[in-house]
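Student: What follows is a single structure, and I will ask about it in a moment.
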Amino acid sequence: MAYRIALYCTSGGLSAAEGLEAILTAAREQGADLALSERASGESWMSGVLGLGGARGDGGCHVEVHAQSPLAAVMVAEVSDREPSGRIRSADAVVTLTLSGTEVDWKVVRAVWIATRSMWTVVPHDDGSGFDVDLDELVAPLS
């Protein structure tokens with residue numbers, strides 16, 4: 001069964017392709033060399049499978065970015081009444097991490113989350129904890 005983490009972001013108007021590239025660049029600058037395989041895209045979305053280092057797609061982590069689209073707005077609106085701080089209302093993009101398989105590389109998840117949070121205002125949500133999800137509770141440090 002898959003586990004989903006959504007990062008509702010205020011990206012400053014970036015397209016989905018620009019947003020995903022910014023995440024990969026920020027992660028690389030922070031020491032996590034993320035490799036993206038199985039890249040796919042459509043109008044206002046981009047996705048792929050992430051791996052760390054040379055492990056293309058071996059991380060059990062599928063990433064999808066929706067930005068500047070009616071779908072992103074609907075994704076935000078669907079949960080905005082449950083988010084207590086109100087910060088989610090300014091989100092214009094959603095980064096979704098879908099984790100599957102028996103060996104998820106949590107370093108990949110951590111790298112994406114930290115890179116995204118370093119650039120934008122982020123409101124995280126997951127299937128289990130809702131808006132109470134905390135990165136440190138989910139994954140171990142990179143080292």
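Numbering starts fresh at 1 for the residues of each chain in the structure tokens, the chains themselves are lettered A, B, ... in the order given, and ligands are numbered from 1 as they appear.
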Using only C-alpha atoms, which residues of range 3-94 of chain A come within 12 Å of range 105-110 of chain A, and what is the closest atom pair for each, with the distance in Å to one decimal? Give it as CSV, sorted by chain and residue number.

Tutor:
residue,atom,partner,partner_atom,distance
A:Tyr3,CA,A:Val109,CA,11.7
A:Arg4,CA,A:Val109,CA,10.9
A:Ile5,CA,A:Val109,CA,9.2
A:Ala6,CA,A:Val109,CA,11.3
A:Leu7,CA,A:Val109,CA,11.4
A:Ile23,CA,A:Val108,CA,11.7
A:Leu24,CA,A:Val108,CA,10.8
A:Ala27,CA,A:Val108,CA,9.4
A:Arg28,CA,A:Val108,CA,11.4
A:Gln30,CA,A:Arg110,CA,11.3
A:Gly31,CA,A:Lys107,CA,11.2
A:Ala32,CA,A:Val108,CA,7.9
A:Asp33,CA,A:Val108,CA,9.1
A:Leu34,CA,A:Val108,CA,7.2
A:Ala35,CA,A:Val108,CA,9.6
A:Leu36,CA,A:Val108,CA,10.9
A:Val49,CA,A:Val108,CA,10.4
A:Leu50,CA,A:Val108,CA,7.1
A:Gly51,CA,A:Val108,CA,6.5
A:Leu52,CA,A:Val108,CA,6.1
A:Gly53,CA,A:Val108,CA,9.7
A:Ala55,CA,A:Asp105,CA,10.2
A:Arg56,CA,A:Val108,CA,11.2
A:Gly57,CA,A:Asp105,CA,10.2
A:Asp58,CA,A:Asp105,CA,7.9
A:Gly59,CA,A:Asp105,CA,4.6
A:Gly60,CA,A:Asp105,CA,6.5
A:Cys61,CA,A:Val109,CA,7.2
A:His62,CA,A:Val109,CA,9.7
A:Val63,CA,A:Val109,CA,9.5

Student: Name the residues in contact with Ala17 in chain A at a cut-off of 9 Å, using only C-alpha atoms, excluding same-chain residues fewer than 6 positions from it; report them as a short mmCIF file (atom, residue, chain, number, x, y, z; two decimals) with C-alpha atoms, in the first residue's frame.

Tutor:
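Okay, selection04.cif is ready:
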data_model
loop_
_atom_site.label_atom_id
_atom_site.label_comp_id
_atom_site.auth_asym_id
_atom_site.auth_seq_id
_atom_site.Cartn_x
_atom_site.Cartn_y
_atom_site.Cartn_z
CA SER A 41 4.57 15.87 -17.67
CA SER A 44 0.68 22.29 -15.16
CA TRP A 45 2.15 19.08 -13.69
CA MET A 46 5.41 17.15 -13.76
CA SER A 47 6.37 13.86 -12.15
CA VAL A 65 4.39 18.69 -8.75
CA HIS A 66 1.21 20.59 -9.59
CA ALA A 67 1.51 24.35 -9.98
#

Student: For Val123 in chain A, find every residue with an atom within 12 Å (counting only C-alpha atoms), except residues of its own chain fewer than 2 positions away, and show them as JSON, numbers by chain.

Tutor: {"A": [5, 6, 7, 8, 9, 10, 11, 76, 79, 80, 82, 83, 84, 85, 86, 87, 88, 89, 90, 91, 92, 93, 94, 95, 96, 113, 116, 117, 120, 121, 125, 126, 130, 131, 132, 133, 134, 135]}

Student: CA of Ser100 in chain A and CA of Ala2 in chain A are how many Å apart?

Tutor: 4.7 Å

Student: I need the residues of range 38-139 of chain A that end up classed as strand (DSSP E) by DSSP on the backbone, written out as a PyMOL selection string.

Tutor: chain A and resi 38-42+45-52+61-67+93-99+121-126

Student: To one decimal in Å, tell me the separation between CA of Gly128 in chain A and CA of Ala111 in chain A.

Tutor: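 For CA of Gly128 in chain A relative to CA of Ala111 in chain A, the distance reads 20.5 Å.
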
Student: Quick one: pick out all alpha helix (DSSP H) residues within range 7-39 of chain A from a backbone DSSP run and write them as JSON, numbers by chain.

Tutor: {"A": [16, 17, 18, 19, 20, 21, 22, 23, 24, 25, 26, 27, 28, 29]}

Student: Report, in Å with one decimal, the straight-line distance from CA of Arg39 in chain A to CA of Thr102 in chain A.

Tutor: 22.1 Å
